[in-house]
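What follows is the content of query.pdb (PDB, C-alpha atoms).
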MODEL        1
ATOM      1  CA  MET L   1      20.875 -32.315  42.993
ATOM      2  CA  PRO L   2      19.241 -29.760  45.333
ATOM      3  CA  ARG L   3      16.359 -27.635  44.157
ATOM      4  CA  PRO L   4      17.186 -24.116  43.049
ATOM      5  CA  VAL L   5      16.536 -21.605  45.827
ATOM      6  CA  ASN L   6      15.555 -18.719  43.580
ATOM      7  CA  THR L   7      12.197 -20.133  42.431
ATOM      8  CA  GLY L   8       8.727 -20.104  44.027
ATOM      9  CA  LEU L   9       8.924 -19.014  47.665
ATOM     10  CA  GLY L  10      12.641 -18.501  47.102
ATOM     11  CA  ARG L  11      11.812 -15.615  44.761
ATOM     12  CA  VAL L  12       9.653 -14.057  47.462
ATOM     13  CA  LEU L  13      12.524 -14.433  49.934
ATOM     14  CA  VAL L  14      14.919 -12.824  47.438
ATOM     15  CA  PHE L  15      12.534  -9.897  46.990
ATOM     16  CA  VAL L  16      11.875  -9.390  50.714
ATOM     17  CA  TYR L  17      15.522  -9.814  51.687
ATOM     18  CA  GLY L  18      16.496  -7.377  48.943
ATOM     19  CA  LEU L  19      13.947  -4.894  50.223
ATOM     20  CA  PHE L  20      15.190  -5.341  53.794
ATOM     21  CA  ALA L  21      18.771  -4.941  52.601
ATOM     22  CA  VAL L  22      17.952  -1.545  51.123
ATOM     23  CA  ALA L  23      15.780  -0.435  54.070
ATOM     24  CA  ALA L  24      18.215  -1.538  56.786
ATOM     25  CA  THR L  25      21.222  -0.113  54.930
ATOM     26  CA  CYS L  26      19.526   3.261  54.509
ATOM     27  CA  ARG L  27      18.307   3.304  58.102
ATOM     28  CA  ALA L  28      21.684   2.344  59.547
ATOM     29  CA  GLY L  29      23.523   4.748  57.260
ATOM     30  CA  VAL L  30      21.381   7.709  58.266
ATOM     31  CA  GLN L  31      21.554   6.785  61.951
ATOM     32  CA  ILE L  32      25.326   6.339  61.924
ATOM     33  CA  ILE L  33      25.909   9.584  60.014
ATOM     34  CA  MET L  34      23.377  11.749  61.849
ATOM     35  CA  LYS L  35      23.279  10.516  65.442
ATOM     36  CA  PHE L  36      25.857   7.804  66.079
ATOM     37  CA  GLY L  37      26.739   9.176  69.527
ATOM     38  CA  GLU L  38      23.179   8.718  70.807
ATOM     39  CA  ALA L  39      23.003   4.927  70.482
ATOM     40  CA  PRO L  40      26.091   3.450  68.806
ATOM     41  CA  VAL L  41      25.300  -0.162  69.706
ATOM     42  CA  SER L  42      21.785   0.080  68.290
ATOM     43  CA  TYR L  43      22.986   1.626  65.061
ATOM     44  CA  LEU L  44      25.840  -0.835  64.606
ATOM     45  CA  LEU L  45      23.402  -3.716  65.158
ATOM     46  CA  SER L  46      21.177  -2.252  62.446
ATOM     47  CA  ALA L  47      24.222  -2.063  60.153
ATOM     48  CA  LEU L  48      25.039  -5.703  60.934
ATOM     49  CA  ALA L  49      21.463  -6.657  60.052
ATOM     50  CA  ALA L  50      21.808  -4.739  56.773
ATOM     51  CA  VAL L  51      24.998  -6.612  55.873
ATOM     52  CA  LEU L  52      23.338  -9.954  56.669
ATOM     53  CA  TYR L  53      20.345  -9.062  54.491
ATOM     54  CA  ILE L  54      22.633  -8.112  51.591
ATOM     55  CA  VAL L  55      24.740 -11.271  51.852
ATOM     56  CA  ALA L  56      21.673 -13.507  52.282
ATOM     57  CA  THR L  57      20.136 -11.950  49.168
ATOM     58  CA  VAL L  58      23.321 -12.610  47.201
ATOM     59  CA  GLY L  59      23.350 -16.227  48.416
ATOM     60  CA  LEU L  60      19.734 -16.757  47.411
ATOM     61  CA  VAL L  61      20.242 -15.179  43.998
ATOM     62  CA  ARG L  62      23.321 -17.323  43.327
ATOM     63  CA  GLY L  63      21.265 -20.419  44.070
ATOM     64  CA  ASP L  64      24.200 -22.835  43.839
ATOM     65  CA  ALA L  65      25.596 -24.922  46.712
ATOM     66  CA  GLY L  66      27.871 -22.087  47.855
ATOM     67  CA  GLY L  67      25.006 -19.621  47.718
ATOM     68  CA  ARG L  68      22.841 -21.982  49.772
ATOM     69  CA  ARG L  69      25.548 -22.286  52.448
ATOM     70  CA  LEU L  70      26.023 -18.529  52.479
ATOM     71  CA  ALA L  71      22.290 -17.883  52.848
ATOM     72  CA  GLN L  72      21.990 -20.562  55.542
ATOM     73  CA  ALA L  73      24.826 -18.996  57.543
ATOM     74  CA  CYS L  74      23.187 -15.562  57.251
ATOM     75  CA  PHE L  75      19.767 -16.888  58.265
ATOM     76  CA  THR L  76      21.286 -18.630  61.286
ATOM     77  CA  VAL L  77      23.238 -15.565  62.451
ATOM     78  CA  GLU L  78      20.205 -13.372  61.826
ATOM     79  CA  LEU L  79      17.912 -15.626  63.850
ATOM     80  CA  ILE L  80      20.380 -15.718  66.749
ATOM     81  CA  GLY L  81      20.702 -11.919  66.542
ATOM     82  CA  VAL L  82      16.946 -11.336  66.469
ATOM     83  CA  LEU L  83      16.414 -13.646  69.448
ATOM     84  CA  ALA L  84      19.307 -12.176  71.470
ATOM     85  CA  VAL L  85      18.644  -8.499  70.712
ATOM     86  CA  GLY L  86      14.887  -8.997  70.934
ATOM     87  CA  THR L  87      15.198 -10.574  74.382
ATOM     88  CA  LEU L  88      17.665  -7.962  75.653
ATOM     89  CA  SER L  89      15.633  -5.069  74.266
ATOM     90  CA  VAL L  90      12.554  -6.334  76.121
ATOM     91  CA  LEU L  91      14.308  -7.215  79.385
ATOM     92  CA  GLN L  92      16.730  -4.263  79.466
ATOM     93  CA  PRO L  93      15.303  -1.505  77.256
ATOM     94  CA  GLN L  94      17.662   1.060  78.813
ATOM     95  CA  ASP L  95      20.527  -0.648  76.951
ATOM     96  CA  PHE L  96      18.861   0.258  73.644
ATOM     97  CA  PRO L  97      18.117   3.993  73.701
ATOM     98  CA  ASP L  98      17.034   3.766  70.066
ATOM     99  CA  ALA L  99      15.507   0.802  68.292
ATOM    100  CA  THR L 100      17.429  -1.550  66.042
ATOM    101  CA  VAL L 101      16.003  -3.606  63.201
ATOM    102  CA  TRP L 102      15.911  -6.508  65.678
ATOM    103  CA  SER L 103      14.557  -4.665  68.757
ATOM    104  CA  GLY L 104      11.444  -6.241  70.212
ATOM    105  CA  PHE L 105      12.004  -9.212  67.899
ATOM    106  CA  GLY L 106      11.606  -6.943  64.855
ATOM    107  CA  GLU L 107       8.363  -5.360  65.993
ATOM    108  CA  GLY L 108       9.148  -2.148  64.078
ATOM    109  CA  TYR L 109       9.166  -4.214  60.885
ATOM    110  CA  GLY L 110       6.064  -6.267  61.597
ATOM    111  CA  TYR L 111       8.117  -9.091  63.170
ATOM    112  CA  LEU L 112       9.445 -10.010  59.726
ATOM    113  CA  PRO L 113      13.049 -10.037  61.034
ATOM    114  CA  LEU L 114      11.965 -12.908  63.315
ATOM    115  CA  VAL L 115       9.940 -14.786  60.694
ATOM    116  CA  LEU L 116      12.209 -14.394  57.640
ATOM    117  CA  PRO L 117      15.234 -16.377  58.839
ATOM    118  CA  VAL L 118      12.961 -19.208  59.985
ATOM    119  CA  LEU L 119      11.262 -19.275  56.573
ATOM    120  CA  GLY L 120      14.649 -19.120  54.886
ATOM    121  CA  LEU L 121      16.034 -22.029  56.891
ATOM    122  CA  ILE L 122      12.913 -24.090  56.204
ATOM    123  CA  TRP L 123      13.092 -23.236  52.507
ATOM    124  CA  LEU L 124      16.727 -24.325  52.294
ATOM    125  CA  ARG L 125      16.019 -27.617  54.098
ATOM    126  CA  ARG L 126      13.147 -28.781  51.906
ATOM    127  CA  PRO L 127      13.856 -32.066  50.196
ATOM    128  CA  SER L 128      15.132 -32.245  46.679
ATOM    129  CA  PRO L 129      12.687 -33.551  44.102
ATOM    130  CA  ALA L 130      12.964 -37.207  43.201
ATOM    131  CA  PRO L 131      14.987 -37.684  40.059
ATOM    132  CA  VAL L 132      12.858 -38.179  36.989
ATOM    133  CA  ALA L 133      13.546 -41.462  35.249
ATOM    134  CA  VAL L 134      14.225 -40.928  31.588
ATOM    135  CA  PRO L 135      13.624 -44.061  29.534
ATOM    136  CA  GLU L 136      16.650 -45.174  27.615
ATOM    137  CA  ARG L 137      16.411 -45.364  23.882
ATOM    138  CA  PRO L 138      17.273 -48.671  22.402
ATOM    139  CA  ALA L 139      20.660 -48.659  20.752
ATOM    140  CA  ALA L 140      20.521 -48.152  17.019
ATOM    141  CA  PRO L 141      21.449 -51.272  15.093
ATOM    142  CA  GLU L 142      24.948 -51.205  13.759
ATOM    143  CA  GLN L 143      25.226 -50.400  10.108
ATOM    144  CA  PRO L 144      27.465 -52.586   8.036
ATOM    145  CA  ALA L 145      30.720 -50.928   7.183
ATOM    146  CA  ALA L 146      30.762 -49.295   3.764
ATOM    147  CA  ARG L 147      33.287 -50.777   1.307
TER     148      ARG L 147
ENDMDL
END
Written form, structure tokens:
Amino acid sequence: MPRPVNTGLGRVLVFVYGLFAVAATCRAGVQIIMKFGEAPVSYLLSALAAVLYIVATVGLVRGDAGGRRLAQACFTVELIGVLAVGTLSVLQPQDFPDATVWSGFGEGYGYLPLVLPVLGLIWLRRPSPAPVAVPERPAAPEQPAAR
């Protein structure tokens, strides 16, 4: 049976992903409402990041096999997004008139958008603990049938 993902470092990941979910959702919401025409791609990428953070948080909190798969899928997509957008935003900054959560590999967020999915993937891949052997109790002697 796999280890629960919502203990130890998993709890830290749940907290940070939850925090990022709120921050990215608020940021994307304000940007889309107030100035969508200025940089629609940037703002939609921030909204995508927000959705991934929300879904990853839900997967981590669930902690079951389905939650693990959900979180792993989110971490993988997030890592690909951070690497792709980070590379493009450095090589072709004119394509990103305003920063996204993933611009510059997440530099606006202390590079956590680059580090978090890697930590999450490592956390999900850690080995399960060895099963603990529970000694069997000797069978109780049979009692003679009452007459």
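The shortest atom-to-atom distance to Pro97 (chain L), with only C-alpha atoms taken into account, belongs to L:Phe36 out of L:Leu9, L:Phe36, L:Thr25, L:Phe15.
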Counting all atoms listed in the file, which residues in region 68-88 of chain L sit no more than 12 Å from region 47-54 of chain L? For each one, give the nearest pair of atoms and the distance in Å, sorted by chain then residue number, as a tab-separated table.
residue	atom	partner	partner_atom	distance
L:Leu70	CA	L:Leu52	CA	9.9
L:Ala71	CA	L:Leu52	CA	8.9
L:Gln72	CA	L:Leu52	CA	10.8
L:Ala73	CA	L:Leu52	CA	9.2
L:Cys74	CA	L:Leu52	CA	5.6
L:Phe75	CA	L:Leu52	CA	8.0
L:Thr76	CA	L:Leu52	CA	10.0
L:Val77	CA	L:Leu52	CA	8.1
L:Glu78	CA	L:Leu52	CA	6.9
L:Leu79	CA	L:Ala49	CA	10.4
L:Ile80	CA	L:Ala49	CA	11.3
L:Gly81	CA	L:Ala49	CA	8.4
L:Val82	CA	L:Ala49	CA	9.1
L:Val85	CA	L:Ala49	CA	11.2
Starting from the PyMOL selection byres ((chain L and resi 40-46) around 12), expand the selection into actual residues of this file and give them as a ChimeraX atom specification. /L:20-39,47-53,78,81-82,84-86,88-89,93-103,106,113
List the residues selected by the PyMOL selection byres ((chain L and resi 10) around 12) in the file shown, writing them as an MDAnalysis selection string. chainID L and resid 3:9 11:18 56:57 59:63 68 71 116 119:126
For region 27-41 of chain L, I'd like the enclosing box, axis-aligned and padded by 8 Å on every side, reported as AutoDock Vina command-line options with centre and edge lengths in Å to one decimal.
--center_x 22.5 --center_y 5.8 --center_z 64.0 --size_x 24.4 --size_y 27.9 --size_z 29.5
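Taking CA of Gly67 (chain L) and CA of Tyr111 (chain L) as the two end points, the separation is 25.2 Å.
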